[in-house]
>>> print(open('entry37.csv').read())   # CSV, C-alpha atoms and all ligand atoms
chain,number,residue,atom,x,y,z
A,405,MET,CA,92.0,-0.9,-122.0
A,406,LYS,CA,93.7,-4.1,-120.6
A,407,SER,CA,97.3,-4.5,-121.7
A,408,ASP,CA,96.9,-8.2,-122.6
A,409,SER,CA,93.9,-7.7,-124.8
A,410,LEU,CA,94.2,-7.0,-128.5
A,411,ASN,CA,93.0,-3.8,-130.2
A,412,ILE,CA,91.0,-4.6,-133.3
A,413,LEU,CA,89.8,-2.1,-135.9
A,414,ILE,CA,86.7,-2.9,-137.9
A,415,LEU,CA,86.3,-1.0,-141.1
A,416,ASP,CA,82.9,-1.6,-142.8
A,417,ASP,CA,80.2,0.8,-144.0
A,418,ASP,CA,77.4,-1.6,-143.1
A,419,GLU,CA,76.5,-1.5,-139.4
A,420,GLY,CA,75.1,-5.0,-139.5
A,421,ASP,CA,78.3,-6.4,-140.9
A,422,ARG,CA,80.4,-4.6,-138.3
A,423,ARG,CA,78.2,-6.1,-135.6
A,424,GLN,CA,78.6,-9.5,-137.1
A,425,VAL,CA,82.4,-9.3,-137.0
A,426,ARG,CA,82.4,-7.9,-133.4
A,427,ARG,CA,80.0,-10.6,-132.2
A,428,ALA,CA,82.1,-13.4,-133.8
A,429,LEU,CA,85.3,-12.0,-132.2
A,430,LYS,CA,83.6,-11.8,-128.8
A,431,GLN,CA,82.2,-15.4,-129.1
A,432,SER,CA,85.6,-16.7,-130.2
A,433,GLY,CA,87.0,-16.0,-126.7
A,434,LEU,CA,89.7,-13.7,-128.1
A,435,GLN,CA,90.5,-11.1,-125.5
A,436,CYS,CA,90.0,-7.9,-127.6
A,437,GLU,CA,88.6,-4.4,-127.7
A,438,CYS,CA,86.9,-3.5,-131.0
A,439,THR,CA,86.7,-0.1,-132.6
A,440,GLU,CA,84.1,0.3,-135.4
A,441,THR,CA,84.6,2.7,-138.3
A,442,ALA,CA,82.5,3.3,-141.4
A,443,ASN,CA,85.0,4.7,-143.8
A,444,VAL,CA,88.7,5.0,-144.5
A,445,GLN,CA,88.9,8.6,-143.0
A,446,GLN,CA,87.4,7.4,-139.7
A,447,ALA,CA,89.7,4.4,-139.7
A,448,LEU,CA,92.8,6.7,-140.2
A,449,GLU,CA,91.6,9.0,-137.4
A,450,ALA,CA,91.2,6.0,-135.1
A,451,CYS,CA,94.7,4.9,-135.9
A,452,GLU,CA,96.0,8.3,-134.6
A,453,THR,CA,94.9,7.4,-131.1
A,454,CYS,CA,95.3,3.6,-130.9
A,455,ALA,CA,98.0,1.2,-131.9
A,456,PHE,CA,95.8,-1.5,-133.4
A,457,ASP,CA,97.0,-5.1,-133.6
A,458,CYS,CA,94.7,-6.0,-136.4
A,459,ALA,CA,92.2,-4.4,-138.8
A,460,VAL,CA,89.3,-6.3,-140.4
A,461,VAL,CA,88.6,-4.3,-143.6
A,462,ASP,CA,85.5,-4.7,-145.8
A,463,TYR,CA,86.3,-4.9,-149.5
A,464,ARG,CA,83.1,-3.1,-150.6
A,465,ILE,CA,83.1,0.4,-149.2
A,466,PRO,CA,81.0,2.8,-151.3
A,467,GLY,CA,83.1,5.4,-153.0
A,468,GLN,CA,86.5,3.9,-151.9
A,469,ASP,CA,87.0,0.2,-152.3
A,470,GLY,CA,88.7,-1.8,-149.6
A,471,LEU,CA,91.8,-2.2,-151.6
A,472,PHE,CA,92.4,1.6,-151.3
A,473,GLY,CA,91.7,1.3,-147.6
A,474,ILE,CA,94.3,-1.5,-147.3
A,475,SER,CA,96.9,0.5,-149.1
A,476,VAL,CA,96.3,3.6,-147.0
A,477,LEU,CA,96.3,1.7,-143.7
A,478,ASN,CA,99.3,-0.3,-144.7
A,479,ALA,CA,101.2,2.9,-145.5
A,480,ARG,CA,100.2,4.5,-142.2
A,481,LEU,CA,100.8,1.4,-140.0
A,482,PRO,CA,103.0,-1.0,-141.9
A,483,TYR,CA,103.1,-3.6,-139.1
A,484,MET,CA,99.4,-3.7,-138.3
A,485,ALA,CA,97.9,-7.1,-139.4
A,486,ILE,CA,95.0,-6.7,-141.9
A,487,VAL,CA,92.3,-9.2,-142.7
A,488,MET,CA,90.1,-8.4,-145.7
A,489,SER,CA,86.5,-9.5,-145.6
A,490,THR,CA,85.2,-10.2,-149.0
A,491,GLY,CA,82.0,-11.2,-150.8
A,492,GLN,CA,81.5,-14.6,-152.4
A,493,GLY,CA,83.6,-15.0,-155.6
A,494,ASP,CA,86.0,-12.2,-154.7
A,495,GLU,CA,89.1,-14.5,-154.8
A,496,THR,CA,90.9,-12.3,-157.4
A,497,ILE,CA,90.3,-9.2,-155.2
A,498,ALA,CA,91.6,-11.2,-152.2
A,499,ALA,CA,94.8,-12.0,-154.0
A,500,GLU,CA,95.2,-8.3,-154.9
A,501,ALA,CA,94.5,-7.4,-151.2
A,502,MET,CA,97.4,-9.7,-150.1
A,503,LYS,CA,99.7,-7.9,-152.6
A,504,ARG,CA,98.8,-4.6,-151.1
A,505,GLY,CA,99.6,-5.6,-147.5
A,506,ALA,CA,96.7,-7.7,-146.2
A,507,SER,CA,97.8,-10.7,-144.3
A,508,ASP,CA,94.7,-12.8,-144.7
A,509,TYR,CA,91.1,-12.7,-146.1
A,510,ILE,CA,87.8,-14.1,-145.1
A,511,PRO,CA,84.6,-14.4,-147.1
A,512,LYS,CA,81.8,-12.6,-145.2
A,513,SER,CA,79.4,-15.5,-145.5
A,514,LEU,CA,82.0,-17.7,-143.7
A,515,ILE,CA,82.6,-15.5,-140.7
A,516,THR,CA,82.1,-17.6,-137.6
A,517,PRO,CA,83.8,-17.4,-134.2
A,518,ASP,CA,86.3,-20.1,-135.2
A,519,SER,CA,87.1,-18.7,-138.7
A,520,ILE,CA,87.6,-15.1,-137.5
A,521,LEU,CA,89.8,-16.3,-134.6
A,522,ARG,CA,91.9,-18.2,-137.1
A,523,SER,CA,92.2,-15.4,-139.6
A,524,VAL,CA,93.0,-12.7,-137.0
A,525,THR,CA,95.6,-14.9,-135.2
A,526,ASN,CA,97.2,-15.9,-138.4
A,527,ALA,CA,97.3,-12.3,-139.7
A,528,ILE,CA,98.9,-11.1,-136.4
A,529,GLU,CA,101.5,-13.9,-136.5
A,530,LYS,CA,102.4,-13.0,-140.1
A,531,ALA,CA,102.6,-9.2,-139.3
A,532,THR,CA,104.8,-10.0,-136.3
A,533,LEU,CA,107.1,-12.1,-138.4
A,534,ARG,CA,107.3,-9.4,-141.1
A,535,ARG,CA,108.3,-6.9,-138.4
A,536,GLN,CA,111.0,-9.3,-137.1
A,537,VAL,CA,112.4,-9.9,-140.6
A,538,GLU,CA,112.4,-6.2,-141.3
A,539,ARG,CA,114.3,-5.5,-138.1
A,540,GLN,CA,116.8,-8.3,-138.8
A,541,ARG,CA,117.4,-7.0,-142.3
A,542,GLU,CA,118.0,-3.5,-141.0
A,543,GLU,CA,120.4,-4.9,-138.3
A,544,LEU,CA,122.3,-6.9,-140.9
A,545,LYS,CA,122.7,-3.9,-143.2
A,546,ASN,CA,124.2,-1.8,-140.3
A,547,PHE,CA,126.3,-4.8,-139.2
A,548,ALA,CA,127.8,-5.3,-142.7
A,549,ARG,CA,128.5,-1.5,-143.1
A,550,VAL,CA,130.3,-1.2,-139.7
A,551,LEU,CA,132.1,-4.6,-140.2
A,552,ALA,CA,133.5,-3.5,-143.6
A,553,HIS,CA,134.6,-0.2,-142.0
A,554,ASP,CA,136.2,-1.8,-138.9
A,555,LEU,CA,138.0,-4.5,-141.0
A,556,LYS,CA,139.3,-2.0,-143.5
A,557,ALA,CA,141.0,0.1,-140.9
A,558,PRO,CA,143.6,-2.4,-139.8
A,559,ILE,CA,144.0,-3.7,-143.4
A,560,GLN,CA,144.8,-0.2,-144.5
A,561,SER,CA,147.3,0.4,-141.7
A,562,VAL,CA,149.1,-2.9,-142.4
A,563,ARG,CA,149.2,-2.0,-146.1
A,564,GLY,CA,150.8,1.3,-145.2
A,565,PHE,CA,153.3,-0.2,-142.8
A,566,ALA,CA,154.3,-2.9,-145.3
A,567,ARG,CA,155.1,-0.1,-147.8
A,568,ALA,CA,157.1,1.7,-145.2
A,569,ILE,CA,159.0,-1.6,-144.5
A,570,GLU,CA,159.8,-1.9,-148.2
A,571,GLU,CA,161.1,1.7,-148.4
A,572,ASN,CA,163.2,1.5,-145.2
A,573,LEU,CA,164.7,-1.9,-146.3
A,574,SER,CA,165.7,-0.5,-149.6
A,575,ARG,CA,167.4,2.4,-147.7
A,576,GLY,CA,169.0,-0.1,-145.3
A,577,ASN,CA,167.3,1.5,-142.3
A,578,LEU,CA,166.9,-1.6,-140.2
A,579,LYS,CA,165.9,0.2,-137.0
A,580,LYS,CA,162.8,1.8,-138.7
A,581,THR,CA,162.1,-1.5,-140.5
A,582,GLY,CA,161.9,-3.3,-137.1
A,583,GLU,CA,159.5,-0.6,-135.7
A,584,TYR,CA,157.2,-1.0,-138.7
A,585,CYS,CA,157.3,-4.8,-138.4
A,586,LEU,CA,156.0,-4.5,-134.8
A,587,LEU,CA,153.2,-2.2,-136.1
A,588,VAL,CA,152.3,-4.8,-138.8
A,589,ALA,CA,152.1,-7.5,-136.1
A,590,ARG,CA,149.8,-5.3,-134.0
A,591,GLY,CA,147.5,-4.6,-137.0
A,592,VAL,CA,147.3,-8.3,-137.8
A,593,GLU,CA,146.6,-9.1,-134.1
A,594,ARG,CA,143.8,-6.6,-134.2
A,595,MET,CA,142.3,-8.3,-137.3
A,596,GLY,CA,142.6,-11.6,-135.6
A,597,ALA,CA,140.8,-10.3,-132.5
A,598,LEU,CA,138.0,-8.8,-134.7
A,599,ILE,CA,137.6,-12.1,-136.5
A,600,ASP,CA,137.5,-14.1,-133.1
A,601,ALA,CA,135.0,-11.6,-131.7
A,602,LEU,CA,132.9,-11.8,-134.8
A,603,HIS,CA,132.9,-15.6,-134.6
A,604,GLY,CA,131.8,-15.4,-131.0
A,605,TYR,CA,129.0,-13.0,-131.8
A,606,LEU,CA,127.7,-15.1,-134.7
A,607,THR,CA,128.0,-18.5,-133.0
A,608,ALA,CA,126.1,-17.1,-130.0
A,609,GLU,CA,123.1,-17.8,-132.3
A,610,ASN,CA,123.8,-21.5,-133.0
A,611,PRO,CA,121.2,-23.9,-131.7
A,612,VAL,CA,122.4,-25.3,-128.3
A,613,ALA,CA,121.0,-27.7,-125.7
A,614,PHE,CA,120.3,-26.2,-122.2
A,615,GLU,CA,121.1,-28.0,-119.0
A,616,ASP,CA,121.1,-27.3,-115.3
A,617,LEU,CA,124.3,-25.6,-114.4
A,618,ASP,CA,126.0,-24.4,-111.2
A,619,MET,CA,126.9,-20.8,-111.9
A,620,GLY,CA,129.6,-21.0,-109.2
A,621,GLN,CA,131.4,-23.6,-111.4
A,622,VAL,CA,130.8,-21.5,-114.5
A,623,THR,CA,132.4,-18.5,-112.7
A,624,ARG,CA,135.4,-20.6,-111.6
A,625,ASP,CA,135.9,-21.8,-115.3
A,626,THR,CA,135.6,-18.1,-116.4
A,627,LEU,CA,138.3,-17.0,-113.9
A,628,ALA,CA,140.6,-19.8,-115.1
A,629,ASN,CA,140.3,-18.4,-118.6
A,630,LEU,CA,141.0,-14.9,-117.4
A,631,GLU,CA,143.9,-15.8,-115.1
A,632,HIS,CA,146.4,-14.1,-117.3
A,633,ILE,CA,144.7,-10.7,-117.4
A,634,ILE,CA,143.7,-10.9,-113.7
A,635,ARG,CA,147.4,-11.4,-112.8
A,636,GLU,CA,148.7,-8.8,-115.2
A,637,ARG,CA,146.4,-6.1,-113.9
A,638,GLY,CA,146.6,-7.2,-110.2
A,639,ALA,CA,142.8,-7.4,-110.3
A,640,ARG,CA,140.6,-8.9,-107.5
A,641,VAL,CA,137.5,-10.8,-108.7
A,642,THR,CA,135.1,-12.1,-106.1
A,643,PHE,CA,131.8,-13.9,-106.2
A,644,GLY,CA,129.1,-14.6,-103.7
A,645,GLU,CA,126.8,-17.6,-103.4
A,646,LEU,CA,125.7,-18.3,-106.9
A,647,PRO,CA,122.6,-20.4,-107.9
A,648,ALA,CA,121.9,-23.2,-110.4
A,649,VAL,CA,120.4,-22.0,-113.6
A,650,SER,CA,119.1,-23.5,-116.9
A,651,GLY,CA,121.5,-22.6,-119.6
A,652,HIS,CA,124.4,-23.4,-121.9
A,653,GLY,CA,127.8,-23.6,-120.2
A,654,PRO,CA,130.1,-22.3,-122.9
A,655,LEU,CA,127.8,-19.4,-123.7
A,656,LEU,CA,127.4,-18.4,-120.0
A,657,THR,CA,131.2,-18.7,-119.6
A,658,GLN,CA,131.6,-16.3,-122.6
A,659,LEU,CA,129.0,-13.9,-121.0
A,660,LEU,CA,130.8,-13.7,-117.7
A,661,GLN,CA,134.2,-13.6,-119.4
A,662,ASN,CA,133.2,-10.5,-121.5
A,663,LEU,CA,131.7,-8.7,-118.5
A,664,ILE,CA,134.6,-9.4,-116.0
A,665,ALA,CA,137.3,-8.7,-118.6
A,666,ASN,CA,135.6,-5.4,-119.4
A,667,GLY,CA,135.4,-4.6,-115.7
A,668,ILE,CA,139.1,-5.1,-115.4
A,669,LYS,CA,140.0,-3.4,-118.8
A,670,TYR,CA,137.9,-0.2,-118.3
A,671,CYS,CA,139.4,0.7,-115.0
A,672,LYS,CA,142.1,3.2,-114.2
A,673,SER,CA,142.6,2.0,-110.6
A,674,ALA,CA,145.8,0.1,-109.8
A,675,ALA,CA,143.6,-2.6,-108.3
A,676,PRO,CA,140.5,-3.3,-110.4
A,677,CYS,CA,137.8,-5.0,-108.4
A,678,VAL,CA,134.9,-7.0,-109.9
A,679,HIS,CA,132.2,-8.7,-107.9
A,680,VAL,CA,129.7,-11.2,-109.2
A,681,ALA,CA,126.5,-11.8,-107.3
A,682,ALA,CA,123.0,-13.2,-107.7
A,683,THR,CA,119.6,-12.7,-106.1
A,684,GLN,CA,116.2,-14.2,-106.7
A,685,ARG,CA,114.4,-11.8,-109.1
A,686,ASN,CA,112.1,-9.4,-107.3
A,687,GLY,CA,110.8,-7.2,-110.0
A,688,ALA,CA,114.0,-5.4,-110.9
A,689,THR,CA,113.6,-4.0,-114.4
A,690,PRO,CA,116.0,-2.5,-116.9
A,691,ARG,CA,116.1,1.2,-117.4
A,692,ASP,CA,114.1,1.0,-120.7
A,693,GLY,CA,111.2,-0.2,-118.5
A,694,ALA,CA,110.7,-3.5,-120.4
A,695,ALA,CA,110.2,-6.4,-117.9
A,696,PRO,CA,112.6,-9.4,-118.2
A,697,ARG,CA,110.7,-12.3,-119.7
A,698,ASN,CA,111.9,-15.0,-117.3
A,699,VAL,CA,110.2,-13.4,-114.3
A,700,ASP,CA,110.8,-16.3,-111.9
A,701,GLY,CA,114.5,-16.5,-112.6
A,702,TRP,CA,117.7,-15.1,-111.1
A,703,LEU,CA,119.1,-11.6,-111.3
A,704,PHE,CA,122.9,-11.5,-111.6
A,705,THR,CA,125.1,-8.5,-111.1
A,706,VAL,CA,128.7,-7.9,-112.2
A,707,GLN,CA,129.9,-4.8,-110.5
A,708,ASP,CA,133.3,-3.1,-111.1
A,709,ASN,CA,135.2,0.0,-109.8
A,710,GLY,CA,136.0,1.2,-113.3
A,711,ILE,CA,135.6,4.4,-115.3
A,712,GLY,CA,131.8,4.0,-115.6
A,713,ILE,CA,129.4,4.4,-118.5
A,714,PRO,CA,127.6,7.7,-119.1
A,715,GLU,CA,123.8,7.2,-118.7
A,716,LYS,CA,123.1,8.4,-122.2
A,717,ASP,CA,125.2,5.5,-123.6
A,718,SER,CA,123.9,2.8,-121.3
A,719,LEU,CA,121.6,1.2,-124.0
A,720,GLU,CA,123.8,1.8,-127.0
A,721,VAL,CA,126.9,0.0,-125.6
A,722,PHE,CA,125.0,-3.3,-126.3
A,723,GLU,CA,124.8,-2.5,-130.1
A,724,PRO,CA,127.3,-4.3,-132.3
A,725,PHE,CA,130.5,-2.2,-132.8
A,726,LYS,CA,129.5,0.5,-130.4
A,727,ARG,CA,132.7,1.7,-128.6
A,728,LEU,CA,132.9,4.7,-126.3
A,729,HIS,CA,136.7,4.8,-126.6
A,730,GLY,CA,139.2,4.9,-129.4
A,731,ILE,CA,141.6,2.0,-130.1
A,732,GLY,CA,144.5,4.2,-128.8
A,733,GLU,CA,142.8,4.4,-125.4
A,734,TYR,CA,141.5,0.9,-124.8
A,735,GLU,CA,141.8,-2.1,-127.2
A,736,GLY,CA,138.6,-3.7,-128.2
A,737,THR,CA,136.2,-4.7,-131.0
A,738,GLY,CA,132.9,-3.4,-129.8
A,739,LEU,CA,131.3,-6.8,-130.0
A,740,GLY,CA,131.7,-7.9,-126.4
A,741,LEU,CA,128.5,-6.5,-125.0
A,742,ALA,CA,126.5,-7.2,-128.2
A,743,THR,CA,127.5,-10.9,-127.7
A,744,CYS,CA,126.5,-10.7,-124.0
A,745,LYS,CA,123.1,-9.4,-125.1
A,746,LYS,CA,122.6,-12.1,-127.6
A,747,ILE,CA,123.6,-14.8,-125.1
A,748,VAL,CA,121.2,-13.5,-122.4
A,749,GLU,CA,118.4,-13.2,-124.9
A,750,ARG,CA,119.1,-16.8,-126.0
A,751,HIS,CA,118.3,-17.6,-122.3
A,752,LYS,CA,115.1,-15.5,-122.5
A,753,GLY,CA,116.6,-12.9,-120.2
A,754,ARG,CA,117.4,-9.2,-120.3
A,755,ILE,CA,120.7,-7.4,-119.7
A,756,TRP,CA,121.3,-3.8,-118.8
A,757,CYS,CA,123.8,-1.6,-117.0
A,758,GLU,CA,123.8,1.2,-114.5
A,759,SER,CA,126.7,3.5,-113.6
A,760,LYS,CA,127.0,6.4,-111.1
A,761,GLY,CA,129.0,9.4,-112.4
A,762,GLY,CA,132.2,7.6,-113.3
A,763,HIS,CA,132.3,5.5,-110.1
A,764,GLY,CA,132.1,2.0,-111.5
A,765,THR,CA,129.5,0.1,-113.5
A,766,THR,CA,127.0,-2.6,-112.5
A,767,PHE,CA,125.8,-5.0,-115.2
A,768,PHE,CA,122.5,-6.8,-114.5
A,769,PHE,CA,121.2,-9.8,-116.3
A,770,THR,CA,118.5,-12.4,-115.7
A,771,LEU,CA,118.7,-16.1,-116.2
A,772,PRO,CA,116.1,-18.9,-115.9
A,773,PRO,CA,116.2,-21.1,-112.8
A,774,ALA,CA,117.5,-24.7,-113.0
A,775,GLN,CA,114.7,-27.2,-114.1
A,776,GLY,CA,115.7,-30.2,-112.0
A,777,ALA,CA,116.9,-30.9,-108.5
A,778,ALA,CA,118.9,-28.0,-106.9
A,779,LEU,CA,122.6,-28.2,-107.5
A,780,PRO,CA,125.0,-27.5,-104.7
A,781,LYS,CA,125.4,-23.8,-104.2
A,782,SER,CA,128.9,-22.4,-104.4
A,783,THR,CA,130.6,-20.9,-101.4
A,784,VAL,CA,132.0,-17.4,-101.4
A,785,GLU,CA,135.3,-17.3,-103.2
A,786,SER,CA,137.7,-14.9,-104.7
A,787,ALA,CA,140.5,-14.8,-107.2
A,788,SER,CA,143.2,-12.2,-106.9
A,789,GLY,CA,146.2,-11.3,-108.9
A,790,ALA,CA,148.0,-10.3,-105.7
A,791,SER,CA,147.6,-13.8,-104.2
A,801,LIG,P1,135.0,-3.6,-126.5
A,801,LIG,O1,135.5,-4.7,-127.4
A,801,LIG,O2,135.2,-2.2,-127.1
A,801,LIG,O3,135.4,-3.7,-125.1
A,801,LIG,P2,132.2,-4.0,-125.7
A,801,LIG,O4,131.1,-4.3,-126.6
A,801,LIG,O5,132.6,-5.1,-124.7
A,801,LIG,O6,133.4,-3.7,-126.7
A,801,LIG,O7,131.9,-2.7,-125.0
A,801,LIG,C1,131.4,-1.6,-125.7
A,801,LIG,C2,131.9,-0.3,-125.1
A,801,LIG,O8,131.3,-0.1,-123.8
A,801,LIG,C3,133.4,-0.3,-124.8
A,801,LIG,O9,134.1,0.2,-125.9
A,801,LIG,C4,133.5,0.7,-123.6
A,801,LIG,O10,133.5,2.0,-124.1
A,801,LIG,C5,132.2,0.5,-122.9
A,801,LIG,N1,132.3,-0.5,-121.7
A,801,LIG,C6,132.0,-1.8,-121.7
A,801,LIG,N2,132.2,-2.3,-120.5
A,801,LIG,C7,132.5,-1.3,-119.7
A,801,LIG,C8,132.8,-1.2,-118.3
A,801,LIG,N3,132.8,-2.2,-117.5
A,801,LIG,N4,133.1,0.1,-117.8
A,801,LIG,C9,133.2,1.1,-118.6
A,801,LIG,N5,132.9,1.1,-119.9
A,801,LIG,C10,132.6,-0.1,-120.5
>>> encode(input="entry37.csv", output="structure tokens", more="lines below")
Ligand code: ADP
Amino acid sequence: MKSDSLNILILDDDEGDRRQVRRALKQSGLQCECTETANVQQALEACETCAFDCAVVDYRIPGQDGLFGISVLNARLPYMAIVMSTGQGDETIAAEAMKRGASDYIPKSLITPDSILRSVTNAIEKATLRRQVERQREELKNFARVLAHDLKAPIQSVRGFARAIEENLSRGNLKKTGEYCLLVARGVERMGALIDALHGYLTAENPVAFEDLDMGQVTRDTLANLEHIIRERGARVTFGELPAVSGHGPLLTQLLQNLIANGIKYCKSAAPCVHVAATQRNGATPRDGAAPRNVDGWLFTVQDNGIGIPEKDSLEVFEPFKRLHGIGEYEGTGLGLATCKKIVERHKGRIWCESKGGHGTTFFFTLPPAQGAALPKSTVESASGAS
């Protein structure tokens, strides 16, 4: 079966009617493979072996009406699009079918190549949208749960330290009071960092205009923002010849900033090294096997000599609030890589990482090429805390 063709299930006890649907689909020009079934049991068996994109279900199936068929198919494959084919005057039934999970209906007497194409496409679009909404709702639920937990932790510790300050003040213990004041300040700083990271994560979704950008310049802007931590850690950040891409400058600066800062932070070496490079995409794909969507774009790498990321965590680190280390070990909010993922996806690209047994990590991401005339390419440069 061709991967770009749709799988359509036809459920109708009448062979002539099944043939009519199959013929109309073929004549409509829709690239599809049809599987015919005569009853609900056969349809369910077919669903065991094929992930159908859409089912065209007859309302009038002897013994089991089509509404039953829709309920059963919808329970088994909630995101499969379903079109109910009805007789004349079955509008009430059609309304009931929609309630039970059908995305569209079509009177049998009006089945033509055009009308079936419209119904099937419309039903698949609705089912895809339903799946997206469901996934977003699930993400939001998780997000709210973890956010509440992560915000509560510093609030609780600040509350505890404030109480300790009160007690120590009343006992006149100024030394202890001073120590607790520092801990309060650290807790408040952490809340501030979490709110900033949250703001960055949420605003990565705002509508923005794309323009042609020299990634060499974006990298220089990023390094200027990171000057303080580069100096503090004595890090060496280098970058090769970087191309022009189509994108949003502030978002791409944020992307590089998060990746380079992590490369410096998650490193035990006295001299953290991070290198940014880009090559024209040549079929490199993430570990999950899904191909980047902007196939004719650029593949960027941000490579560090840090502590590495275990292979089992290499997908999960991109989830909001996923941290592999406790606050005591490395400061962080767990939103950096989730923001990177959102930014790359805004540019219709993919991001993933690879790491070899604790010897550094390489982050890969793809970006679309510049639309207009080529911008000047940057020369090889480096920024070093030692210089
Ligand atoms: P954080 O704010 O904790 O740095 P991120 O979303 O940026 O959150 O990263 C998620 C987790 O992935 C981090 O807590 C860390 O455990 C791991 N991680 C991220 N980048 C690196 C890296 N370059 N090297 C090793 N581990 C990393």
>>> residues_near_ligand(input="entry37.csv", ligand="ligand LIG 801 (chain A)", cutoff="6 Å", atoms="only C-alpha atoms and all ligand atoms", output="number ranges by chain")
A: 666-667, 670, 710-713, 721, 726-729, 736-742, 765
>>> residues_near_point(input="entry37.csv", point="(94.2, -2.6, -142.9)", cutoff="8 Å", atoms="all atoms listed in the file", output="PyMOL selection string")
chain A and resi 458-461+473-478+484-488+505-506
>>> residues_around(input="entry37.csv", residues="A:His679", least_positions_apart="5", cutoff="12 Å", atoms="all atoms listed in the file", output="PyMOL selection string")
chain A and resi 623+627+639-646+660+663-665+667-668+704-710+764-768+784-788
>>> residues_around(input="entry37.csv", residues="A:Arg685", least_positions_apart="3", cutoff="6 Å", atoms="all atoms listed in the file", output="PyMOL selection string")
chain A and resi 701-703
>>> closest_residue(input="entry37.csv", among="A:Tyr509, A:Phe547, A:Phe769, A:Phe725", to="A:Val524", atoms="all atoms listed in the file")
A:Tyr509
>>> atom_distance(input="entry37.csv", atom1="atom CA of A:Asp518", atom2="atom CA of A:Asn443")
26.3 Å
>>> atom_distance(input="entry37.csv", atom1="atom CA of A:Ile510", atom2="atom CA of A:Ala498")
8.6 Å
>>> residues_around(input="entry37.csv", residues="A:Asp457", least_positions_apart="5", cutoff="10 Å", atoms="all atoms listed in the file", output="PDB file with C-alpha atoms, in the coordinates of the input")
ATOM      1  CA  SER A 409      93.900  -7.700-124.800  1.00  0.00           C
ATOM      2  CA  LEU A 410      94.200  -7.000-128.500  1.00  0.00           C
ATOM      3  CA  ASN A 411      93.000  -3.800-130.200  1.00  0.00           C
ATOM      4  CA  ILE A 412      91.000  -4.600-133.300  1.00  0.00           C
ATOM      5  CA  LEU A 413      89.800  -2.100-135.900  1.00  0.00           C
ATOM      6  CA  CYS A 436      90.000  -7.900-127.600  1.00  0.00           C
ATOM      7  CA  LEU A 481     100.800   1.400-140.000  1.00  0.00           C
ATOM      8  CA  TYR A 483     103.100  -3.600-139.100  1.00  0.00           C
ATOM      9  CA  MET A 484      99.400  -3.700-138.300  1.00  0.00           C
ATOM     10  CA  ALA A 485      97.900  -7.100-139.400  1.00  0.00           C
ATOM     11  CA  ILE A 486      95.000  -6.700-141.900  1.00  0.00           C
ATOM     12  CA  VAL A 524      93.000 -12.700-137.000  1.00  0.00           C
ATOM     13  CA  ALA A 527      97.300 -12.300-139.700  1.00  0.00           C
ATOM     14  CA  ILE A 528      98.900 -11.100-136.400  1.00  0.00           C
ATOM     15  CA  ALA A 531     102.600  -9.200-139.300  1.00  0.00           C
ATOM     16  CA  THR A 532     104.800 -10.000-136.300  1.00  0.00           C
TER      17      THR A 532
END
>>> atom_distance(input="entry37.csv", atom1="atom CA of A:Tyr463", atom2="atom CA of A:Gly491")
7.7 Å
>>> residues_around(input="entry37.csv", residues="A:Leu551", least_positions_apart="5", cutoff="12 Å", atoms="all atoms listed in the file", output="list in words")
Glu543, Leu544, Lys545, Asn546, Lys556, Ala557, Pro558, Met595, Leu598, Ile599, Ala601, Leu602, Pro724, Phe725, Lys726, Thr737, Gly738 and Leu739 of chain A
>>> closest_residue(input="entry37.csv", among="A:Tyr605, A:Phe565, A:Phe614, A:Tyr584", to="A:Cys744", atoms="all atoms listed in the file")
A:Tyr605
>>> closest_residue(input="entry37.csv", among="A:Ala450, A:Ile634, A:Leu606, A:Leu771", to="A:Ile755", atoms="all atoms listed in the file")
A:Leu771
>>> residues_near_point(input="entry37.csv", point="(90.3, 8.0, -138.7)", cutoff="12 Å", atoms="only C-alpha atoms", output="list in words")
Leu413, Ile414, Leu415, Thr439, Glu440, Thr441, Ala442, Asn443, Val444, Gln445, Gln446, Ala447, Leu448, Glu449, Ala450, Cys451, Glu452, Thr453, Cys454, Gly473, Val476, Leu477 and Arg480 of chain A
